[in-house]
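Peer 1: Please see the structure below; I have some questions.
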Amino acid sequence: MIEVDRVSKRFRLSKKQRREMGENYSGGKFIQSVSDVSFKCAPGKIFTLLGPNGAGKTTTLRMLGTILTQDSGRINIAGLDTLKEPDKVRGKIGFLTGTTGLYARLTPEEMVKYYANLYGISGKKYIEKRNSLFDLLEIHKFKDRRIGKLSSGMKQKVSIARTLIHDPEVVIFDEPTVGLDVITSRNIIKLIRDCRDEGKTVIFSTHIMGEVSMLSDDLAIMDRGRIIFNDTFKKFKNEMTSATIEDEFVRIVGGEK
Amino acid sequence: MKNIIIIFLKEMKDILRDRRTLILMVVMPLVLFPLIINISSKFMMKLETTAKTKILRVGVILNSNDDRIRKSVISRDDMTLTDVKDENSIESMINGKTLDFCIVFDEQFDNKVKTLQQGEIRLYFKSSAKNDISKRRIDKLLADYKNDLLEERFRILELSTDVVKAFNINEKDIVTVKEKFGEKVGGFIPYLFVIFCFVGAMYPAIDLGAGEKERGTIETLLVSPATRTQIVIGKFIVVTLSGIISAILTFVGLYASVKLNSEIPTEILDLILKVIDVNSIIVIFTLIIPISVFFAGILLSFSFFANSFKEAQSIMTPLNFVVIIPAFIGTLPGMKLTATTALIPILNVSLASKGIISGTINNGHLAMVYISMFLLAAVSLIICIKWFGREQVIFRG
Ligand SMILES: Nc1ncnc2c1ncn2[C@@H]1O[C@H](COP(=O)(O)OP(=O)(O)OP(=O)(O)O)[C@@H](O)[C@H]1O
Ligand SMILES: [Mg+2]
């Protein structure tokens, strides 16, 4: 369960960043990345956060993951407040992003064990979970090779194993398929579905329409820090006035004028 | 606590698998001393022996003066008399390496000597490290002749030679061997271990901070149950330890080079081993700990700020000089630990180590060094932890 209640977040811009924003940037010293955002994600469902570049998706998901703290509003994850009990919240989350890296000088085995240790998973519980993930993702063959020498597909599998080693209640994916080929992307998509089928709460961000229609149970569209649509995906499809989901998305965001 | 250990063990394993880190942290400090000492002592020995055994080609232009010098050149088997036509050809002969020294008597030499005036001799040579050692033999030759002439004069004047020697200096230098050596080597060793302490910690620091951002692993680590403080402390210990290891290996390298190099004269060898005795080493190593913590705090803070390896390196390169300069000032002769210098970080450790090795340290000053360094270490750790907790540092956008 994830409950986000009127959350806002702004960043202070450095002088360099302000210069990069261009001449006609009028926001002053701050940039409002997330404005008054509220939504709920239920267990056993996939919640999709769709939005163009700079919409505030990553910022939102990082606040869910307690690595950023909101300026106002509350976030509740699996019954815990992210500001009051961030350490406990983190124990219940699996977090995977498209730009997630791994330690090149460790082996998949060491990498997964490191995180298992941090999550306090050991003994029989660890062995069982590790074996089932390594079987499922076919990691056994390369588990003792240095990660730096693996292909991107193999690395992605290791990342998945790392994300799920502690069997998290809530999984957060931030553009998880960025830069991956079709086959590896499919692995991720299957993983997201599996998580839902196991009854986990799943939230993922994307701007790929194919993924939206393949996965979404609930959908929120975000633009310039605000949620501009939030309902079931079914309702979105029923009510749309454009020919394709993509057209509808562009229409709502108001990209083409 | 458990998380700190988990992070520490993982990071330690990780950096020890990095070739660059290993070279800077382990191989360099271990090998540099043996290399320097070996090469320089070989070079010195060779220089000495060739300069001492070389048969010098000496020209003598008498200009019809007494030929005693000429005779003694001929009689010595470490010199050969070389023909020189006139004074004008000397320079080209020396440059052409057919002549080493040339002694030219002034035409009036004998006359002047006889009339108790000053005679004049011109000595031609080309100075160099090697030739300077050889020149001592020529100097001796001329000094002997001078003494002979002096004694003759005294005999003629019926005086005792004691008349001109108002007093005789009998030098009794009370500086202990340890003190003298401490001044020379003592200034040099702390300089090197401070530098290696810094350099050895640098790559691990870059790797554990900016490296984690560059690889995109920082986010996942931050979403793990480990708190930020635990993460920083785990990493901090690794970086501190890297500095300490480098410093220790510098000593091991020095010790080994002295032990293994048989060409170092035994007196000096015994001396070094005596100078770097157990007590000195204990004090120096208790100083290495706070200075390593201090370095780790600075290095990690910069590293956490940088977004990439390259950025971290470009920040830290000028930082090298900030460390090298005070450490180097400590090696200068005459620099001593005072109430003021005891409070200047890096310089104080450099000077304290020098004082300990030479045995001239003042305990009050040493205490000040300890207090200021441990305080500084604590402050640097706290700042680093606070710094890592800031969103603007970790996610600079
Ligand atoms: N650390 C930061 N400092 C300053 N500004 C930031 C920072 N992080 C994000 N921003 C700004 O906040 C806004 C939202 O960024 P965010 O990364 O959340 O968007 P996003 O929806 O994830 O975009 P993308 O699809 O490109 O990943 C952007 O304008 C971005 O420039
Ligand atoms: Mg993003």
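As shown in the structure tokens, the chain order sets the letters A, B, ...; within each chain, residues go from 1, and ligands are also counted from 1 in the order they appear.
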DSSP on the backbone, strand (DSSP E or B) only: what residues of stretch 21-148 of chain A does that give? Format it as a PyMOL selection string.
Peer 2: chain A and resi 30-41+46-50+72-77+80-81+93-97
Peer 1: Hey, list the chain B side of the contact with chain A: 10 Å cut-off, only C-alpha atoms, answer as an MDAnalysis selection string.
Peer 2: chainID B and resid 2:7 9:11 13:18 211:228 389:392 394:397
Peer 1: Using only C-alpha atoms and all ligand atoms, find each residue with an atom at most 8 Å away from ligand 2 and format the answer as a PyMOL selection string.
Peer 2: chain A and resi 53-54+56-59+174-175+205
Peer 1: Would you save the residues from that selection as a PDB file, in the first residue's frame, using N, CA and C atoms?
Peer 2:
ATOM      1  N   ASN A  53       9.402  14.129 -20.020  1.00  0.00           N
ATOM      2  CA  ASN A  53      10.654  14.451 -19.329  1.00  0.00           C
ATOM      3  C   ASN A  53      10.473  15.650 -18.419  1.00  0.00           C
ATOM      4  N   GLY A  54      11.028  15.535 -17.242  1.00  0.00           N
ATOM      5  CA  GLY A  54      10.971  16.655 -16.309  1.00  0.00           C
ATOM      6  C   GLY A  54       9.643  16.816 -15.598  1.00  0.00           C
ATOM      7  N   GLY A  56       8.528  15.178 -13.092  1.00  0.00           N
ATOM      8  CA  GLY A  56       8.666  15.027 -11.641  1.00  0.00           C
ATOM      9  C   GLY A  56       8.498  13.582 -11.180  1.00  0.00           C
ATOM     10  N   LYS A  57       8.554  12.646 -12.117  1.00  0.00           N
ATOM     11  CA  LYS A  57       8.360  11.228 -11.782  1.00  0.00           C
ATOM     12  C   LYS A  57       9.477  10.726 -10.871  1.00  0.00           C
ATOM     13  N   THR A  58      10.707  10.946 -11.307  1.00  0.00           N
ATOM     14  CA  THR A  58      11.835  10.454 -10.513  1.00  0.00           C
ATOM     15  C   THR A  58      11.834  11.078  -9.121  1.00  0.00           C
ATOM     16  N   THR A  59      11.549  12.371  -9.074  1.00  0.00           N
ATOM     17  CA  THR A  59      11.524  13.052  -7.775  1.00  0.00           C
ATOM     18  C   THR A  59      10.470  12.418  -6.870  1.00  0.00           C
ATOM     19  N   ASP A 174      11.586   2.894 -11.616  1.00  0.00           N
ATOM     20  CA  ASP A 174      11.650   4.175 -12.318  1.00  0.00           C
ATOM     21  C   ASP A 174      12.235   3.945 -13.703  1.00  0.00           C
ATOM     22  N   GLU A 175      11.392   4.070 -14.707  1.00  0.00           N
ATOM     23  CA  GLU A 175      11.782   3.795 -16.086  1.00  0.00           C
ATOM     24  C   GLU A 175      12.730   2.601 -16.172  1.00  0.00           C
ATOM     25  N   SER A 205       7.242   4.044 -13.330  1.00  0.00           N
ATOM     26  CA  SER A 205       7.144   5.246 -14.150  1.00  0.00           C
ATOM     27  C   SER A 205       7.659   4.944 -15.542  1.00  0.00           C
TER      28      SER A 205
END
Peer 1: Can you tell me which residues surround stretch 248-255 of chain B at a distance of at most 7 Å, considering only C-alpha atoms, apart from same-chain residues fewer than 5 positions away, and format the answer as number ranges by chain?
Peer 2: B: 26, 29-31, 33-34, 193
Peer 1: Using only C-alpha atoms and all ligand atoms, which residue out of A:Asp144, A:Asp181, A:Asp247, A:Asp223 lies closest to ligand 1?
Peer 2: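 Of A:Asp144, A:Asp181, A:Asp247, A:Asp223, the one nearest ligand 1 is A:Asp223, counting only C-alpha atoms and all ligand atoms.
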Peer 1: Taking the DSSP secondary structure from the backbone, can you list the residues of stretch 33-266 of chain B that are helix (DSSP H, G or I), as a ChimeraX atom specification?
Peer 2: /B:33-53,68-75,87-95,109-114,129-157,161-163,177-208,210-214,218-222,228-260,266
Peer 1: For B:Thr98, work out the shell of residues within 12 Å, counting only C-alpha atoms and skipping chain neighbours fewer than 4 positions away, then give it as a list of chain:residue names.
Peer 2: B:Leu56, B:Arg57, B:Val58, B:Gly59, B:Thr80, B:Leu81, B:Thr82, B:Asp83, B:Val84, B:Ser89, B:Ile90, B:Glu91, B:Ser92, B:Met93, B:Ile94, B:Cys102, B:Phe125
Peer 1: Can those selected residues be exported to a file as a PDB file, in the first residue's frame so that it contains N, CA, C and O atoms?
Peer 2:
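again_27.pdb was written with the following content:
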ATOM      1  N   LEU B  56      94.590  10.874 -12.510  1.00  0.00           N
ATOM      2  CA  LEU B  56      94.347  12.235 -12.994  1.00  0.00           C
ATOM      3  C   LEU B  56      95.447  12.673 -13.960  1.00  0.00           C
ATOM      4  O   LEU B  56      96.634  12.418 -13.723  1.00  0.00           O
ATOM      5  N   ARG B  57      95.012  13.330 -15.027  1.00  0.00           N
ATOM      6  CA  ARG B  57      95.997  13.884 -15.967  1.00  0.00           C
ATOM      7  C   ARG B  57      96.240  15.340 -15.566  1.00  0.00           C
ATOM      8  O   ARG B  57      95.342  16.162 -15.650  1.00  0.00           O
ATOM      9  N   VAL B  58      97.483  15.566 -15.097  1.00  0.00           N
ATOM     10  CA  VAL B  58      97.791  16.885 -14.551  1.00  0.00           C
ATOM     11  C   VAL B  58      98.883  17.554 -15.388  1.00  0.00           C
ATOM     12  O   VAL B  58      99.917  16.949 -15.671  1.00  0.00           O
ATOM     13  N   GLY B  59      98.601  18.757 -15.774  1.00  0.00           N
ATOM     14  CA  GLY B  59      99.626  19.516 -16.486  1.00  0.00           C
ATOM     15  C   GLY B  59     100.286  20.500 -15.534  1.00  0.00           C
ATOM     16  O   GLY B  59      99.646  21.004 -14.617  1.00  0.00           O
ATOM     17  N   THR B  80      99.211  11.344 -13.729  1.00  0.00           N
ATOM     18  CA  THR B  80     100.250  11.325 -14.769  1.00  0.00           C
ATOM     19  C   THR B  80     100.470  12.750 -15.239  1.00  0.00           C
ATOM     20  O   THR B  80      99.533  13.534 -15.354  1.00  0.00           O
ATOM     21  N   LEU B  81     101.729  13.038 -15.499  1.00  0.00           N
ATOM     22  CA  LEU B  81     102.059  14.379 -15.972  1.00  0.00           C
ATOM     23  C   LEU B  81     101.721  14.473 -17.454  1.00  0.00           C
ATOM     24  O   LEU B  81     102.057  13.590 -18.236  1.00  0.00           O
ATOM     25  N   THR B  82     100.996  15.509 -17.810  1.00  0.00           N
ATOM     26  CA  THR B  82     100.585  15.674 -19.203  1.00  0.00           C
ATOM     27  C   THR B  82     101.246  16.933 -19.764  1.00  0.00           C
ATOM     28  O   THR B  82     101.297  17.965 -19.086  1.00  0.00           O
ATOM     29  N   ASP B  83     101.729  16.813 -20.982  1.00  0.00           N
ATOM     30  CA  ASP B  83     102.391  17.966 -21.604  1.00  0.00           C
ATOM     31  C   ASP B  83     101.391  19.044 -21.979  1.00  0.00           C
ATOM     32  O   ASP B  83     100.386  18.748 -22.616  1.00  0.00           O
ATOM     33  N   VAL B  84     101.707  20.275 -21.584  1.00  0.00           N
ATOM     34  CA  VAL B  84     100.853  21.381 -22.007  1.00  0.00           C
ATOM     35  C   VAL B  84     101.761  22.440 -22.607  1.00  0.00           C
ATOM     36  O   VAL B  84     102.727  22.862 -21.967  1.00  0.00           O
ATOM     37  N   SER B  89      96.374  26.934 -24.328  1.00  0.00           N
ATOM     38  CA  SER B  89      95.803  25.690 -24.846  1.00  0.00           C
ATOM     39  C   SER B  89      95.117  24.856 -23.756  1.00  0.00           C
ATOM     40  O   SER B  89      94.526  23.825 -24.042  1.00  0.00           O
ATOM     41  N   ILE B  90      95.218  25.334 -22.490  1.00  0.00           N
ATOM     42  CA  ILE B  90      94.653  24.538 -21.388  1.00  0.00           C
ATOM     43  C   ILE B  90      93.157  24.312 -21.551  1.00  0.00           C
ATOM     44  O   ILE B  90      92.654  23.191 -21.476  1.00  0.00           O
ATOM     45  N   GLU B  91      92.455  25.397 -21.807  1.00  0.00           N
ATOM     46  CA  GLU B  91      91.008  25.321 -21.848  1.00  0.00           C
ATOM     47  C   GLU B  91      90.508  24.300 -22.865  1.00  0.00           C
ATOM     48  O   GLU B  91      89.647  23.477 -22.550  1.00  0.00           O
ATOM     49  N   SER B  92      91.102  24.360 -24.065  1.00  0.00           N
ATOM     50  CA  SER B  92      90.628  23.432 -25.083  1.00  0.00           C
ATOM     51  C   SER B  92      90.998  21.997 -24.722  1.00  0.00           C
ATOM     52  O   SER B  92      90.267  21.064 -25.048  1.00  0.00           O
ATOM     53  N   MET B  93      92.112  21.822 -24.016  1.00  0.00           N
ATOM     54  CA  MET B  93      92.489  20.461 -23.629  1.00  0.00           C
ATOM     55  C   MET B  93      91.527  19.899 -22.579  1.00  0.00           C
ATOM     56  O   MET B  93      91.149  18.729 -22.638  1.00  0.00           O
ATOM     57  N   ILE B  94      91.154  20.751 -21.621  1.00  0.00           N
ATOM     58  CA  ILE B  94      90.217  20.273 -20.589  1.00  0.00           C
ATOM     59  C   ILE B  94      88.861  19.963 -21.208  1.00  0.00           C
ATOM     60  O   ILE B  94      88.266  18.921 -20.959  1.00  0.00           O
ATOM     61  N   CYS B 102      95.287  21.601 -14.428  1.00  0.00           N
ATOM     62  CA  CYS B 102      96.556  22.193 -14.840  1.00  0.00           C
ATOM     63  C   CYS B 102      97.000  23.234 -13.823  1.00  0.00           C
ATOM     64  O   CYS B 102      96.227  24.101 -13.416  1.00  0.00           O
ATOM     65  N   PHE B 125      90.593  23.837 -13.921  1.00  0.00           N
ATOM     66  CA  PHE B 125      89.828  22.573 -13.893  1.00  0.00           C
ATOM     67  C   PHE B 125      88.376  22.857 -14.233  1.00  0.00           C
ATOM     68  O   PHE B 125      87.978  24.015 -14.354  1.00  0.00           O
TER      69      PHE B 125
END
Peer 1: Could you work out how far atom 5 (N, counted along the ligand's line) of ligand 1 lies from atom CA of A:Ile208, giving the answer in Å with one decimal?
Peer 2: 23.1 Å
Peer 1: What does the distance between atom CA of B:Phe302 and atom CA of B:Val393 come to in Å, to one decimal place?
Peer 2: 9.6 Å
Peer 1: Nearest residue to ligand 1 out of A:Thr206, A:Ser185, A:Thr244, A:Gln70, using only C-alpha atoms and all ligand atoms?
Peer 2: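 Counting only C-alpha atoms and all ligand atoms, the residue closest to ligand 1 is A:Thr206.
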Peer 1: One number please: atom CA of B:Gly96 to atom CA of B:Tyr124, in Å, one decimal.
Peer 2: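 Atom CA of B:Tyr124 lies at a distance of 13.8 Å from atom CA of B:Gly96.
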Peer 1: Quick one: everything within 10 Å of A:Met240, counting only C-alpha atoms, minus sequence neighbours fewer than 6 positions away in the same chain. Send it as a list in words.
Peer 2: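 Once the adjacent positions are removed, what remains is Asp247, Glu248, Phe249, Arg251 and Ile252 of chain A.
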Peer 1: Find the spatial neighbours of A:Phe142, counting only C-alpha atoms, within a cut-off of 12 Å - ignore same-chain residues fewer than 3 positions away - and output them as a ChimeraX atom specification.
Peer 2: /A:107-110,134-135,137-139,145-151,153-155,157-158
